[in-house]
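Some notes on the structure that comes next.
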Amino acid sequence: MDASTKRAGPAHRSLMLLLMVYLMLPLLATCIYAFAKEWQTTVLPARWTLEWFSGMFRDLRFLESLWTSLYLCLLGVAISLLVMLPAVFVITIYMPRLESLMKGIVVLPYAVPGVVAAVGLIRAYSSGPLNISGTAYILLGAYFVVVLPYMYQGIRNSLLTVSAGPLLSAAELLGASRMRALATVILPNIWPGVLVSALLSFSVLFGEFVLTNMLVGGRIQTIQVYLYQRMGESGHMASAIAITYFVFILILSALLMKLGQKVNGGMKG
Amino acid sequence: MKRSNRWMWLGLVPFLAMVLLFQLIPVVSMVAGSLKPATGSGISFGFYARILQSAYYMQAIKNSLLISAASSAIGIVVGLACAYAITRFPARTRDRLLMLSNMTSNFQGVPLAFAYIVLLGSNGVFTLLFKQWGWSVFADFDLYSWSGLVLVYVYFQVPLALLLLYPSFYGIRDQWREAASMLGASRWQFWTSVGLPVLSPAVFGTLGILFANAMGAYATAYALVGGNYNLLAVRIGSLVAGDVVNQPQLGNALAVILALTTLLAVFLNHKMTQRTRKLDAVLGAGQHAAPKRRRQLRSWTPAAPAAAKEEL
């Protein structure tokens, strides 16, 4: 498609406009609701206020759930990194024949809905030798499976783009031990790409509700569970929480995109 | 190199352990649970039989299938139109538009359900406004019913469809269009006999993803209707982790049924992707650089899988 044919007619423009309005409308409404003092019978609220936001930050339960979410998601990503980095490295560099098997394992979470995964986990671990049902352990295990596809894809891509195999051989040829070559040559090179997938995984986990609610609902409160509980109580407050959550995710994805562009730029260069 | 390679297996051990513990054992346990008779030992299809005979659970399955089919169908049609429109914009605008729809796809699950309650719920802003203005068309619209659920589902289906579909429009060459018009084909004829057939694997593949996405959607439905609307995913949730009714084994059987439908849908996507690849290989002799770069970029655009994920 060359530039001359690229002309969006009025039909295309209005279609896109309609789509954007449609997509932005719920967001916008939540945002307005979070700042509205009274919003009953007018197109825009009659009076505006910040009290819902101040109330939110004064609410200890909100801060606690935010902290719980951050803590659990960071832990989940850290575990995933620790486990996936060596595994993907070994498979990609030394056992490429096993790659299709690995891909099969890694893609499975896409096809299995969260509800189903939760059902299996609850049955497997609510009795027997490993009775971890309802604890953070089972949740972290579930989180590991959730981010599996993103982590695998990200780490593998980074390893392939920096040609980790030849790089490693070169370092070893020059006398570095394998561990040293890994630590000083491979890791620094794949770090940006790995960071992108870690951030992506984090944002996925941060928005996770199904598993958290079903596996540890009531016992551990993440931000999503808290939001769900507040929904019934105060609409305005819940809007403030939803908007704060969304802004947080937005900042995260902006960061992600910047980093992703950098990684892509490096790939081209 | 060879000598120390055997130690490399060690790097795989934690991975295999985690996958075994949290992916394979739960699935096996779930299937085993669904096949265990209520009392005694052996294999029994008793729970499946009970589901088949129960009007209540059959209704849940039917509702889920219908909502998924309807929301995927609407999603794919709107997604196709928008994906085509988006390719007609200059690259910069296109990327902005994609970013926006990408961004909104982060807005799903509980917050999305909540936003719709604010907008169209029984005390929603629009609901009250319309009532005041006397617009009776919306008087019998109920957010917590079938049409409301479809409306909310479509919201997360459209951006997903758009993101999955728009790259395939770059596979349609301008030369084909020129050739077709030179041979006397109208725009309409070009799309029905060349454009859409070329797109069809991508369309059916995306349809599979959308369907699986809707079937597995739990957070949105749960936050929106709670237990009040009979859906498969919600039913499973309440059977397994609910406070009142607790029949985990029935939940296992329902979960297996749900997993089978989503696996089937994802399998369709897989088959269609293979077909697209074959098509690419046949047509790909004169690939120009642009679509290639697109594809590469796509692997870094986390949007599509991220959006697919939450609901899966």
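Here, A, B, ... name the chains of the structure tokens in the order displayed, residue numbers run from 1 inside each chain, and ligands are numbered from 1 in the same displayed order.
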
* Fewer than 4 positions away in the same chain doesn't count, so skip those; otherwise give me all residues within 10 Å of Leu232 in chain B, counting only C-alpha atoms, as a list in words. =>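 Residues near the query, excluding close chain neighbours: Val115 of chain A; Tyr57, Met58, Gln59, Ala60, Ile61, Lys62, Asn63, Ser64, Leu65, Met215, Gly216, Ala217, Tyr218, Ile236, Gly237, Gly251, Leu254, Ala255, Ile257 and Leu258 of chain B.
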
### Message
Using only C-alpha atoms, which protein or nucleic acid residues come within 9 Å of range 155-165 of chain A? Drop anything in the same chain fewer than 3 positions from it, and give the result as a list in words.
### Response
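So the residues in contact are Met84, Leu85, Val88, Phe89, Thr92, Ile93, Tyr94, Tyr150, Met151, Tyr152, Leu168, Ser169, Ala170, Val185, Ile186, Asn189, Ile190, Trp191, Pro192, Gly193, Val194, Ser197, Val263 and Met267 of chain A; Ser299 of chain B.
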
Here CA of Val110 in chain B and CA of Ala198 in chain A stand apart by 23.4 Å

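Remark: for Ala17 in chain B, the closest of the candidate residues A:Phe144, A:Tyr245, A:Tyr33, A:Phe57 is A:Phe144 (distances computed over only C-alpha atoms).
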
Query - Minimum-distance residue to chain B, chosen among A:Pro166, A:Pro26, A:Pro96, A:Gly76 (using only C-alpha atoms) - result: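 Of the candidates, the smallest distance to chain B is held by A:Pro26.
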
Note to self: Taking 5 positions as the minimum chain separation for residues in the same chain, which residues sit within 9 Å of Val112 in chain A when counting only C-alpha atoms? Answer as a VMD selection string.
What the structure shows: (chain A and resid 117) or (chain B and resid 212 216 258 to 260 262 to 263 312)

For Ile220 in chain A, please output as a PDB file with N, CA and C atoms, in the first residue's frame all residues within 8 Å (counting only C-alpha atoms; exclusion window: fewer than 5 positions along the same chain).
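Final file, result22.pdb:
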```pdb
ATOM      1  N   THR A  68      -0.963  -5.153  49.056  1.00  0.00           N
ATOM      2  CA  THR A  68      -1.045  -6.598  48.823  1.00  0.00           C
ATOM      3  C   THR A  68      -0.874  -6.916  47.346  1.00  0.00           C
ATOM      4  N   ALA A 136      -1.437 -17.948  50.048  1.00  0.00           N
ATOM      5  CA  ALA A 136      -0.773 -17.195  48.990  1.00  0.00           C
ATOM      6  C   ALA A 136       0.023 -18.113  48.069  1.00  0.00           C
ATOM      7  N   THR A 212      -7.742 -14.899  41.827  1.00  0.00           N
ATOM      8  CA  THR A 212      -7.617 -14.368  43.178  1.00  0.00           C
ATOM      9  C   THR A 212      -8.913 -14.559  43.945  1.00  0.00           C
TER      10      THR A 212
END
```

query = Of the candidates B:Leu199, B:Leu264, B:Ala253, B:Met99, which one gets nearest to Met30 in chain B if we count only C-alpha atoms?
reply =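 Using only C-alpha atoms, Met30 in chain B sits closest to B:Ala253.
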
If DSSP is run on the backbone, what residues of range 24-85 of chain A are strand (DSSP E or B)? A reply as a list in words would be ideal.
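In range 24-85 of chain A, DSSP puts these residues in strand (DSSP E or B): Ala36, Lys37, Glu38, Arg47 and Trp48 of chain A.
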
For the selection just defined, write its residues with C-alpha atoms to a file, as an mmCIF file, in the first residue's frame.
```cif
data_model
loop_
_atom_site.group_PDB
_atom_site.id
_atom_site.type_symbol
_atom_site.label_atom_id
_atom_site.label_comp_id
_atom_site.auth_asym_id
_atom_site.auth_seq_id
_atom_site.Cartn_x
_atom_site.Cartn_y
_atom_site.Cartn_z
ATOM 1 C CA ALA A 36 -19.032 14.294 40.742
ATOM 2 C CA LYS A 37 -20.753 15.524 43.858
ATOM 3 C CA GLU A 38 -24.218 15.055 42.468
ATOM 4 C CA ARG A 47 -21.242 19.977 41.364
ATOM 5 C CA TRP A 48 -17.724 18.602 41.392
#
```

Those in range 159-305 of chain B with helix (DSSP H, G or I) from DSSP, as a ChimeraX atom specification: /B:159-169,174-182,187-216,219-225,232-241,248-286,289-300,303-305

Item checked: Distance query Thr87 in chain B at most 8 Å, only C-alpha atoms, self and fewer than 6 positions along chain excluded, as a ChimeraX atom specification -> /A:6 /B:94,166,169-170

Selected residues written out with N, CA and C atoms, as a PDB file, in the first residue's frame:
```
ATOM      1  N   LYS A   6      -3.474   5.747   0.377  1.00  0.00           N
ATOM      2  CA  LYS A   6      -3.832   5.800   1.787  1.00  0.00           C
ATOM      3  C   LYS A   6      -4.615   7.055   2.093  1.00  0.00           C
TER       4      LYS A   6
ATOM      5  N   ARG B  94      -2.776   5.847  12.430  1.00  0.00           N
ATOM      6  CA  ARG B  94      -3.136   4.453  12.673  1.00  0.00           C
ATOM      7  C   ARG B  94      -2.548   3.968  14.000  1.00  0.00           C
ATOM      8  N   TYR B 166      -6.324  -6.507  11.977  1.00  0.00           N
ATOM      9  CA  TYR B 166      -5.820  -5.480  11.061  1.00  0.00           C
ATOM     10  C   TYR B 166      -4.536  -5.868  10.338  1.00  0.00           C
ATOM     11  N   PHE B 169      -5.050  -7.380   6.833  1.00  0.00           N
ATOM     12  CA  PHE B 169      -5.430  -6.532   5.703  1.00  0.00           C
ATOM     13  C   PHE B 169      -4.208  -6.108   4.892  1.00  0.00           C
ATOM     14  N   TYR B 170      -3.043  -6.145   5.544  1.00  0.00           N
ATOM     15  CA  TYR B 170      -1.828  -5.777   4.815  1.00  0.00           C
ATOM     16  C   TYR B 170      -1.394  -6.890   3.872  1.00  0.00           C
TER      17      TYR B 170
END
```
